[in-house]
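Engineer: Next up is a structure, given as structure tokens.
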Amino acid sequence: MHAGDSAIDVNDLRRRYGPAGSQGFDAVRGISFSVARGELFALLGTNGAGKTSTLELLEGLAAPTGGTVRVLGHEPFRERAKVRPRIGVMLQEGGFPPELTALETARMWAGCTSGARPVAESLELVGLTGRRNVRVKMLSGGERRRLDLALALLGRPEVLFLDEPTTGLDAESRRETWELVRALRDQGTTVLLTTHYLEEAETLADRLAIMHAGRIATSGRVADIVAERPSRLSFTLPADVRPEELPPAGRLGALACETAGRTVRLRTRDLQRTATEALLWARDRRIELTGLDARSASLEEAFLHIASALETADGRDPADPARAAERAGTATGATR
């Protein structure tokens with residue numbers, strides 16, 4: 001990627017809270033990545049990984065402790081006047097005056113925005129036209145998130161930062177927001193997204209990075225990261241067939257075979273071959289495989305594997321209930 005093609009360039013970026021030594025905390029510990037113009041890049045990680053701290057540096061809300069960051073060719077903190085009119089920011093919490101209506105809030109925001117699009121258009125984009133005269137305090141949590149997004153879009157941003165944009169939205173609203181974000185990306189807007197919904201990242205992102213303890217553990221195209229994990233094939237054998245009668249895993253084109261009672265689980269890099277071999281074996285034996293389930297690896301599986309491996313490397317027990325709950329919450333969107 002050439003420098004001129006990048007909307008965001010991050011090199012050895014660091015952010016520390018507090019003084020040097022044990023009294024301080026390094027939230028971001030030397031990360032580097034770039035985001036091309038018109039690309040949607042997702043930043044993932046468990047709670048405390050450093051995602052929001054990174055985002056605040058990119059948005060120009062704080063100065064880096066070390067390293068460099070460029071947004072549209074400028075330092076977002078020191079050259080804020082050059083960057084701010086060209087970006088849109090959706091924070092985790094909007095903090096709007098509760099007594100204003102959605103329309104009044106948008107008008108107030110538009111008055112502080114250079115070249116703002118019509119307020120009515122912005123509210124329509126996020127499906128709030130019918131709620132425009134409702135006070136902010138009476139909006140649901142999901143509606144307030146949509147208002148956050150409407151204000152982030154007022155300035156027709158070249159770069160859009162979305163920090164947990166669909167938290168609190170119902171399934172239908174989440175899908176509608178995905179469609180809007182896709183449309184913005186297709187129109188040339190660069191989007192940097194943080195999310196706890198792995199399905200969201202898998203659906204939307206061109207590329208992503210997974211953070212852990214202030215560092216980037218892995219990055220790349222979603223398909224490439226998912227491809228590092230094997231696919232799975234599972235089925236249940238008839239009562240009169242023992243798992244030991246199955247051919248060896250290698251003959252089925254599988255990496256491993258696990259059994260639990262009459263249930264068989266195969267892990268494979270070649271799902272089509274393994275499924276074909278298993279079905280041919282069943283046909284030749286004239287038996288029926290019930291509960292047949294063939295699926296490729298998912299981003300959730302890759303994420304949980306990476307998180308577990310990193311915790312083990314850090315000397316933490318990945319089986320600890322608190323850690324398992326945090327990872328599960330990140331994968332399902334149950335935690336913030």
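Convention: chains lettered A, B, ... in structure tokens order; per-chain residue numbering from 1; ligands numbered from 1 as shown.
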Would you mind listing what lies within 6 Å of Leu154 in chain A as a JSON list (two decimals) with all heavy atoms, in the first residue's frame, with only C-alpha atoms counted and same-chain residues fewer than 3 positions away left out?

Structural biologist:
[["chain", "number", "residue", "atom", "x", "y", "z"],
["A", 116, "ALA", "N", -22.39, 20.82, 6.83],
["A", 116, "ALA", "CA", -23.28, 19.76, 7.31],
["A", 116, "ALA", "C", -24.34, 19.42, 6.28],
["A", 116, "ALA", "O", -24.89, 20.30, 5.60],
["A", 116, "ALA", "CB", -23.94, 20.18, 8.62],
["A", 117, "ARG", "N", -24.65, 18.15, 6.17],
["A", 117, "ARG", "CA", -25.76, 17.73, 5.33],
["A", 117, "ARG", "C", -27.06, 18.14, 6.00],
["A", 117, "ARG", "O", -27.07, 18.42, 7.21],
["A", 117, "ARG", "CB", -25.72, 16.22, 5.09],
["A", 117, "ARG", "CG", -26.08, 15.38, 6.29],
["A", 117, "ARG", "CD", -26.21, 13.90, 5.91],
["A", 117, "ARG", "NE", -24.92, 13.24, 5.80],
["A", 117, "ARG", "CZ", -24.61, 12.41, 4.81],
["A", 117, "ARG", "NH1", -25.48, 12.16, 3.85],
["A", 117, "ARG", "NH2", -23.42, 11.82, 4.78],
["A", 151, "LEU", "N", -25.33, 11.99, 13.99],
["A", 151, "LEU", "CA", -24.49, 13.17, 14.19],
["A", 151, "LEU", "C", -23.08, 12.95, 13.62],
["A", 151, "LEU", "O", -22.45, 13.89, 13.13],
["A", 151, "LEU", "CB", -24.42, 13.52, 15.67],
["A", 151, "LEU", "CG", -25.77, 13.77, 16.37],
["A", 151, "LEU", "CD1", -25.55, 14.40, 17.73],
["A", 151, "LEU", "CD2", -26.67, 14.64, 15.52]]

Engineer: For Gly94 in chain A, please output as a list in words all residues within 8 Å (counting only C-alpha atoms; exclusion window: fewer than 6 positions along the same chain).

Structural biologist: Arg144, Arg145 and Asp148 of chain A

Engineer: Could you name the residues that touch Val89 in chain A at 12 Å or less, counting only C-alpha atoms, but leaving out those on the same chain fewer than 2 positions away, as an MDAnalysis selection string?

Structural biologist: chainID A and resid 55:56 58:61 83:87 91:94 148:165 191:194

Engineer: Identify, on the basis of only C-alpha atoms, every residue whose closest approach to Gly220 in chain A does not exceed 12 Å; exclude the query and any residue fewer than 5 positions from it along the same chain; express the result as a list in words.

Structural biologist: Phe33, Ser34, Val35, Phe41, Ala42, Leu43, Ala205, Asp206, Arg207, Leu208, Ala209, Ile210, Ile225, Val226, Ala227 and Glu228 of chain A

Engineer: Put those residues in a file: C-alpha atoms, as a PDB file, in the first residue's frame.

Structural biologist:
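So the final result, stored in out.pdb, reads:
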ATOM      1  CA  PHE A  33      -1.200  -0.681  10.990  1.00  0.00           C
ATOM      2  CA  SER A  34      -2.642   1.256   8.069  1.00  0.00           C
ATOM      3  CA  VAL A  35      -6.106   1.651   6.598  1.00  0.00           C
ATOM      4  CA  PHE A  41     -11.086  -1.870   9.085  1.00  0.00           C
ATOM      5  CA  ALA A  42     -12.222  -3.522  12.323  1.00  0.00           C
ATOM      6  CA  LEU A  43     -10.300  -3.409  15.599  1.00  0.00           C
ATOM      7  CA  ALA A 205     -14.711  -5.710   7.556  1.00  0.00           C
ATOM      8  CA  ASP A 206     -12.326  -5.805   4.612  1.00  0.00           C
ATOM      9  CA  ARG A 207      -9.471  -6.312   7.064  1.00  0.00           C
ATOM     10  CA  LEU A 208      -9.166  -6.449  10.834  1.00  0.00           C
ATOM     11  CA  ALA A 209      -6.694  -6.542  13.687  1.00  0.00           C
ATOM     12  CA  ILE A 210      -7.098  -8.392  16.979  1.00  0.00           C
ATOM     13  CA  ILE A 225      -7.534 -15.143   9.639  1.00  0.00           C
ATOM     14  CA  VAL A 226     -10.494 -17.536   9.603  1.00  0.00           C
ATOM     15  CA  ALA A 227      -8.655 -19.899   7.241  1.00  0.00           C
ATOM     16  CA  GLU A 228      -6.004 -20.471   9.909  1.00  0.00           C
TER      17      GLU A 228
END

Engineer: List the spatial neighbours of Asp240 in chain A as a PDB file with C-alpha atoms, in the first residue's frame - criterion: any atom at most 12 Å away, only C-alpha atoms, same-chain residues fewer than 3 positions off excluded.

Structural biologist:
ATOM      1  CA  THR A 236     -23.990 -39.340  15.017  1.00  0.00           C
ATOM      2  CA  LEU A 237     -23.500 -43.020  14.263  1.00  0.00           C
ATOM      3  CA  PRO A 243     -16.783 -45.115  16.533  1.00  0.00           C
ATOM      4  CA  GLU A 244     -13.793 -47.479  16.348  1.00  0.00           C
ATOM      5  CA  GLU A 245     -15.169 -48.785  13.057  1.00  0.00           C
ATOM      6  CA  ARG A 262     -21.786 -42.166  19.231  1.00  0.00           C
ATOM      7  CA  ARG A 285     -21.683 -49.614   5.029  1.00  0.00           C
ATOM      8  CA  ILE A 287     -25.738 -46.790   7.409  1.00  0.00           C
ATOM      9  CA  GLU A 288     -27.296 -43.399   8.034  1.00  0.00           C
TER      10      GLU A 288
END

Engineer: Quick one: of A:Gly188, A:Glu124, A:Arg131, A:Ser22, who's nearest to Ala7 in chain A, counting only C-alpha atoms?

Structural biologist: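 Of A:Gly188, A:Glu124, A:Arg131, A:Ser22, the one nearest Ala7 in chain A, counting only C-alpha atoms, is A:Gly188.
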
Engineer: Which residues come within 6 Å of Arg135 in chain A, counting only C-alpha atoms, excluding same-chain residues fewer than 3 positions away, as a PyMOL selection string?

Structural biologist: chain A and resi 99-101+138

Engineer: Could you please write out, as a ChimeraX atom specification, every residue of range 34-203 of chain A that DSSP assigns to strand (DSSP E)?

Structural biologist: /A:34-36,40-45,66-71,87-90,159-163,190-194

Engineer: What does the file look like for those residues with C-alpha atoms, as a PDB file, in the first residue's frame?

Structural biologist:
ATOM      1  CA  SER A  34      -2.642   1.256   8.069  1.00  0.00           C
ATOM      2  CA  VAL A  35      -6.106   1.651   6.598  1.00  0.00           C
ATOM      3  CA  ALA A  36      -6.581   2.288   2.889  1.00  0.00           C
ATOM      4  CA  LEU A  40     -13.533  -0.808   6.371  1.00  0.00           C
ATOM      5  CA  PHE A  41     -11.086  -1.870   9.085  1.00  0.00           C
ATOM      6  CA  ALA A  42     -12.222  -3.522  12.323  1.00  0.00           C
ATOM      7  CA  LEU A  43     -10.300  -3.409  15.599  1.00  0.00           C
ATOM      8  CA  LEU A  44     -11.169  -6.323  17.880  1.00  0.00           C
ATOM      9  CA  GLY A  45     -10.112  -7.468  21.328  1.00  0.00           C
ATOM     10  CA  GLY A  66       5.050   7.531  21.683  1.00  0.00           C
ATOM     11  CA  GLY A  67       5.007   6.616  18.023  1.00  0.00           C
ATOM     12  CA  THR A  68       3.138   8.398  15.248  1.00  0.00           C
ATOM     13  CA  VAL A  69      -0.367   8.514  13.846  1.00  0.00           C
ATOM     14  CA  ARG A  70      -1.553  10.189  10.646  1.00  0.00           C
ATOM     15  CA  VAL A  71      -5.163  10.616   9.566  1.00  0.00           C
ATOM     16  CA  ILE A  87     -13.838  12.952  10.057  1.00  0.00           C
ATOM     17  CA  GLY A  88     -16.914  11.659  11.820  1.00  0.00           C
ATOM     18  CA  VAL A  89     -16.765  10.214  15.321  1.00  0.00           C
ATOM     19  CA  MET A  90     -19.244   7.977  17.085  1.00  0.00           C
ATOM     20  CA  VAL A 159     -13.046   8.933   7.620  1.00  0.00           C
ATOM     21  CA  LEU A 160     -15.645   7.567  10.024  1.00  0.00           C
ATOM     22  CA  PHE A 161     -14.727   6.219  13.477  1.00  0.00           C
ATOM     23  CA  LEU A 162     -17.333   3.909  15.006  1.00  0.00           C
ATOM     24  CA  ASP A 163     -16.788   2.754  18.600  1.00  0.00           C
ATOM     25  CA  THR A 190     -13.034   5.022   5.138  1.00  0.00           C
ATOM     26  CA  VAL A 191     -14.417   3.312   8.253  1.00  0.00           C
ATOM     27  CA  LEU A 192     -12.571   2.208  11.379  1.00  0.00           C
ATOM     28  CA  LEU A 193     -14.817   0.107  13.590  1.00  0.00           C
ATOM     29  CA  THR A 194     -14.465  -1.377  17.049  1.00  0.00           C
TER      30      THR A 194
END

Engineer: Counting only C-alpha atoms, figure out which residue out of A:Leu246, A:Ile8, A:Ala213, A:Cys112 gets nearest to Asp26 in chain A.

Structural biologist: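 Using only C-alpha atoms, the shortest distance to Asp26 in chain A belongs to A:Ala213.
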
Engineer: Any chance you could list, as a PyMOL selection string, the residues in range 77-246 of chain A that come up alpha helix (DSSP H) when DSSP is run on the backbone?

Structural biologist: chain A and resi 80-83+102-110+119-125+141-152+171-186+198-204+222-227

Engineer: Measure the distance from CA of Arg269 in chain A to CA of Asp224 in chain A in Å and round it to one decimal.

Structural biologist: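 CA of Arg269 in chain A sits 13.1 Å away from CA of Asp224 in chain A.
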
Engineer: If we count only C-alpha atoms and set the cut-off at 10 Å, which residues sit around Gly48 in chain A, ignoring sequence neighbours fewer than 6 positions away in its own chain? Please answer as a list in words.

Structural biologist: Ala27, Met211, His212, Ala213, Gly214 and Arg336 of chain A
